[in-house]
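J.: Sharing data25.pdb here; it has PDB, C-alpha atoms.
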ATOM      1  CA  MET Z   1     140.402 123.429 107.357
ATOM      2  CA  LYS Z   2     139.578 120.303 109.363
ATOM      3  CA  LYS Z   3     136.382 121.912 110.581
ATOM      4  CA  ILE Z   4     135.273 122.693 107.040
ATOM      5  CA  ALA Z   5     136.000 119.140 105.896
ATOM      6  CA  LEU Z   6     134.139 117.730 108.904
ATOM      7  CA  LEU Z   7     131.194 120.041 108.232
ATOM      8  CA  LEU Z   8     131.064 118.957 104.567
ATOM      9  CA  VAL Z   9     131.102 115.270 105.505
ATOM     10  CA  LEU Z  10     128.374 115.859 108.067
ATOM     11  CA  CYS Z  11     126.189 117.747 105.563
ATOM     12  CA  LEU Z  12     126.621 115.057 102.905
ATOM     13  CA  THR Z  13     125.788 112.302 105.387
ATOM     14  CA  ILE Z  14     122.628 114.066 106.501
ATOM     15  CA  SER Z  15     121.476 114.791 102.959
ATOM     16  CA  VAL Z  16     122.090 111.217 101.782
ATOM     17  CA  SER Z  17     120.303 109.703 104.769
ATOM     18  CA  ALA Z  18     117.393 112.125 104.322
ATOM     19  CA  GLN Z  19     116.970 111.031 100.701
ATOM     20  CA  ARG Z  20     117.162 107.326 101.458
ATOM     21  CA  ARG Z  21     113.758 105.684 101.431
ATOM     22  CA  LYS Z  22     112.593 103.041 103.799
ATOM     23  CA  LYS Z  23     112.215  99.969 101.669
ATOM     24  CA  GLY Z  24     110.069  97.435 103.398
ATOM     25  CA  GLN Z  25     108.903  94.105 102.214
ATOM     26  CA  LYS Z  26     106.910  94.179  99.027
ATOM     27  CA  LEU Z  27     103.646  92.332  99.419
ATOM     28  CA  SER Z  28     101.965  90.490  96.582
ATOM     29  CA  ILE Z  29      98.545  91.540  95.310
ATOM     30  CA  GLU Z  30      96.950  88.547  97.036
ATOM     31  CA  GLN Z  31      98.595  89.449 100.342
ATOM     32  CA  LYS Z  32      97.506  93.076 100.086
ATOM     33  CA  THR Z  33      93.972  91.969  99.228
ATOM     34  CA  GLU Z  34      93.793  89.553 102.148
ATOM     35  CA  LEU Z  35      95.076  92.190 104.563
ATOM     36  CA  ALA Z  36      92.503  94.702 103.324
ATOM     37  CA  VAL Z  37      89.667  92.180 103.559
ATOM     38  CA  LYS Z  38      90.677  91.127 107.074
ATOM     39  CA  ARG Z  39      90.951  94.756 108.160
ATOM     40  CA  MET Z  40      87.476  95.446 106.823
ATOM     41  CA  ALA Z  41      86.132  92.268 108.435
ATOM     42  CA  VAL Z  42      87.445  93.392 111.807
ATOM     43  CA  HIS Z  43      86.055  96.922 111.561
ATOM     44  CA  LEU Z  44      82.754  96.118 109.875
ATOM     45  CA  ASP Z  45      81.972  92.630 111.227
ATOM     46  CA  LEU Z  46      81.716  91.146 107.746
ATOM     47  CA  THR Z  47      80.264  87.721 107.129
ATOM     48  CA  GLU Z  48      82.204  85.153 105.129
ATOM     49  CA  ARG Z  49      79.875  85.712 102.174
ATOM     50  CA  GLN Z  50      80.475  89.478 102.261
ATOM     51  CA  GLN Z  51      84.234  88.919 102.444
ATOM     52  CA  ASN Z  52      84.085  86.667  99.387
ATOM     53  CA  ARG Z  53      82.130  89.292  97.450
ATOM     54  CA  ILE Z  54      84.450  92.146  98.450
ATOM     55  CA  ARG Z  55      87.737  90.279  97.833
ATOM     56  CA  PRO Z  56      87.696  90.480  93.972
ATOM     57  CA  MET Z  57      86.707  94.152  94.087
ATOM     58  CA  LEU Z  58      89.631  95.018  96.331
ATOM     59  CA  SER Z  59      92.011  92.919  94.259
ATOM     60  CA  GLU Z  60      90.974  94.769  91.108
ATOM     61  CA  LYS Z  61      91.345  98.109  92.880
ATOM     62  CA  ILE Z  62      94.869  97.218  94.052
ATOM     63  CA  ILE Z  63      95.887  96.067  90.563
ATOM     64  CA  LYS Z  64      94.615  99.309  88.989
ATOM     65  CA  ARG Z  65      96.468 101.373  91.597
ATOM     66  CA  GLN Z  66      99.740  99.524  90.937
ATOM     67  CA  GLU Z  67      99.375  99.932  87.166
ATOM     68  CA  PHE Z  68      98.661 103.636  87.575
ATOM     69  CA  ARG Z  69     101.746 104.096  89.753
ATOM     70  CA  LYS Z  70     103.960 102.216  87.292
ATOM     71  CA  ASN Z  71     102.703 104.331  84.391
ATOM     72  CA  ARG Z  72     103.167 107.503  86.399
ATOM     73  CA  LYS Z  73     106.770 106.581  87.180
ATOM     74  CA  LYS Z  74     107.487 105.787  83.523
ATOM     75  CA  ASN Z  75     105.880 108.972  82.192
ATOM     76  CA  LYS Z  76     107.445 111.674  84.296
ATOM     77  CA  THR Z  77     106.554 114.300  81.723
ATOM     78  CA  ARG Z  78     104.004 116.919  82.602
ATOM     79  CA  ILE Z  79     100.488 115.948  81.564
ATOM     80  CA  SER Z  80      98.104 118.316  79.847
ATOM     81  CA  ASP Z  81      95.125 119.859  81.609
ATOM     82  CA  GLU Z  82      92.747 117.819  79.459
ATOM     83  CA  LYS Z  83      94.513 114.549  80.354
ATOM     84  CA  ARG Z  84      94.509 115.514  84.047
ATOM     85  CA  TYR Z  85      90.753 116.165  83.812
ATOM     86  CA  GLU Z  86      90.201 112.761  82.167
ATOM     87  CA  LEU Z  87      92.228 110.995  84.865
ATOM     88  CA  LYS Z  88      90.310 112.723  87.653
ATOM     89  CA  MET Z  89      86.973 111.875  86.037
ATOM     90  CA  LYS Z  90      88.029 108.237  85.633
ATOM     91  CA  LYS Z  91      89.140 108.124  89.275
ATOM     92  CA  LEU Z  92      85.828 109.565  90.463
ATOM     93  CA  ASP Z  93      83.845 107.154  88.277
ATOM     94  CA  ASN Z  94      85.782 104.224  89.725
ATOM     95  CA  ARG Z  95      85.195 105.498  93.248
ATOM     96  CA  LEU Z  96      81.451 105.899  92.622
ATOM     97  CA  ALA Z  97      81.224 102.379  91.195
ATOM     98  CA  PHE Z  98      83.159 100.941  94.152
ATOM     99  CA  ASN Z  99      80.998 102.781  96.689
ATOM    100  CA  SER Z 100      77.743 101.722  95.026
ATOM    101  CA  GLU Z 101      78.909  98.105  94.972
ATOM    102  CA  MET Z 102      79.913  98.321  98.640
ATOM    103  CA  LYS Z 103      76.506  99.790  99.475
ATOM    104  CA  ARG Z 104      74.886  96.856  97.717
ATOM    105  CA  ILE Z 105      76.993  94.278  99.608
ATOM    106  CA  LEU Z 106      77.004  95.806 103.088
ATOM    107  CA  SER Z 107      74.096  96.348 105.451
ATOM    108  CA  ASN Z 108      73.100  99.944 106.250
ATOM    109  CA  ASP Z 109      74.962  99.934 109.584
ATOM    110  CA  GLN Z 110      78.062  98.421 108.021
ATOM    111  CA  TYR Z 111      77.981 100.932 105.174
ATOM    112  CA  GLU Z 112      77.796 103.846 107.641
ATOM    113  CA  LYS Z 113      80.787 102.418 109.533
ATOM    114  CA  PHE Z 114      82.583 102.018 106.202
ATOM    115  CA  ARG Z 115      81.961 105.683 105.316
ATOM    116  CA  LYS Z 116      83.094 106.893 108.751
ATOM    117  CA  LEU Z 117      86.221 104.769 108.491
ATOM    118  CA  LYS Z 118      87.018 106.206 105.051
ATOM    119  CA  ARG Z 119      86.595 109.780 106.346
ATOM    120  CA  LYS Z 120      88.846 109.029 109.304
ATOM    121  CA  MET Z 121      91.515 107.549 107.025
ATOM    122  CA  LYS Z 122      91.285 110.552 104.700
ATOM    123  CA  LYS Z 123      91.838 112.954 107.616
ATOM    124  CA  ARG Z 124      94.791 110.884 108.790
ATOM    125  CA  ARG Z 125      96.306 110.870 105.294
ATOM    126  CA  LYS Z 126      95.863 114.646 104.946
ATOM    127  CA  LYS Z 127      97.446 115.233 108.327
ATOM    128  CA  ARG Z 128     100.409 113.026 107.419
ATOM    129  CA  VAL Z 129     100.928 114.867 104.130
ATOM    130  CA  HIS Z 130     100.546 118.227 105.839
ATOM    131  CA  ASP Z 131     103.050 117.270 108.543
ATOM    132  CA  ARG Z 132     105.654 116.419 105.888
ATOM    133  CA  ILE Z 133     105.491 119.893 104.391
TER     134      ILE Z 133
END
Produce structure tokens that represent the structure in this file.
T.:
Amino acid sequence: MKKIALLLVLCLTISVSAQRRKKGQKLSIEQKTELAVKRMAVHLDLTERQQNRIRPMLSEKIIKRQEFRKNRKKNKTRISDEKRYELKMKKLDNRLAFNSEMKRILSNDQYEKFRKLKRKMKKRRKKRVHDRI
């Protein structure tokens, strides 16, 4: 009987700790933007002028992402195929606009580094998601 009780307590402890999320510090939009700009400046050797032109774009992108996540958490209902299609099209349009603006701001060498960096990050993200499964 003691073994069964001990086993139950152990199972409950493991399941509760597995479900617990790591809650780190929440950064403000300005902090996230500054970190992203600095990261890009380090990798792409951005000038001060380029950083100033990229900063509002990244800030807007971060705000849109946060709004999307809040709405997704509120509306946990299943979305229709048509709505899913609209969301994907909107996401792709935003990505195209962002990339074209980045191409306009960055030099050719910087833009190539930017694209390589994005591919590398995408592979890393896929690997992380795949490792969780």
J.: Quick one: which residues end up in the PyMOL selection byres ((chain Z and resi 51) around 12) for this structure, as JSON, numbers by chain?
T.: {"Z": [33, 34, 35, 36, 37, 38, 39, 40, 41, 42, 44, 45, 46, 47, 48, 49, 50, 52, 53, 54, 55, 56, 57, 58, 59, 102, 105, 106]}
J.: Hey, can you check how far CA of Glu60 in chain Z sits from CA of Lys32 in chain Z?
T.: 11.2 Å
J.: Please measure the separation of CA of His43 in chain Z and CA of Lys113 in chain Z, giving the value in Å to one decimal.
T.: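 Atom-to-atom, CA of His43 in chain Z to CA of Lys113 in chain Z, that is 7.9 Å.
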J.: Between CA of Asp131 in chain Z and CA of Arg119 in chain Z, what is the distance in Å, rounded to a tenth?
T.: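 Separating CA of Asp131 in chain Z from CA of Arg119 in chain Z is a distance of 18.2 Å.
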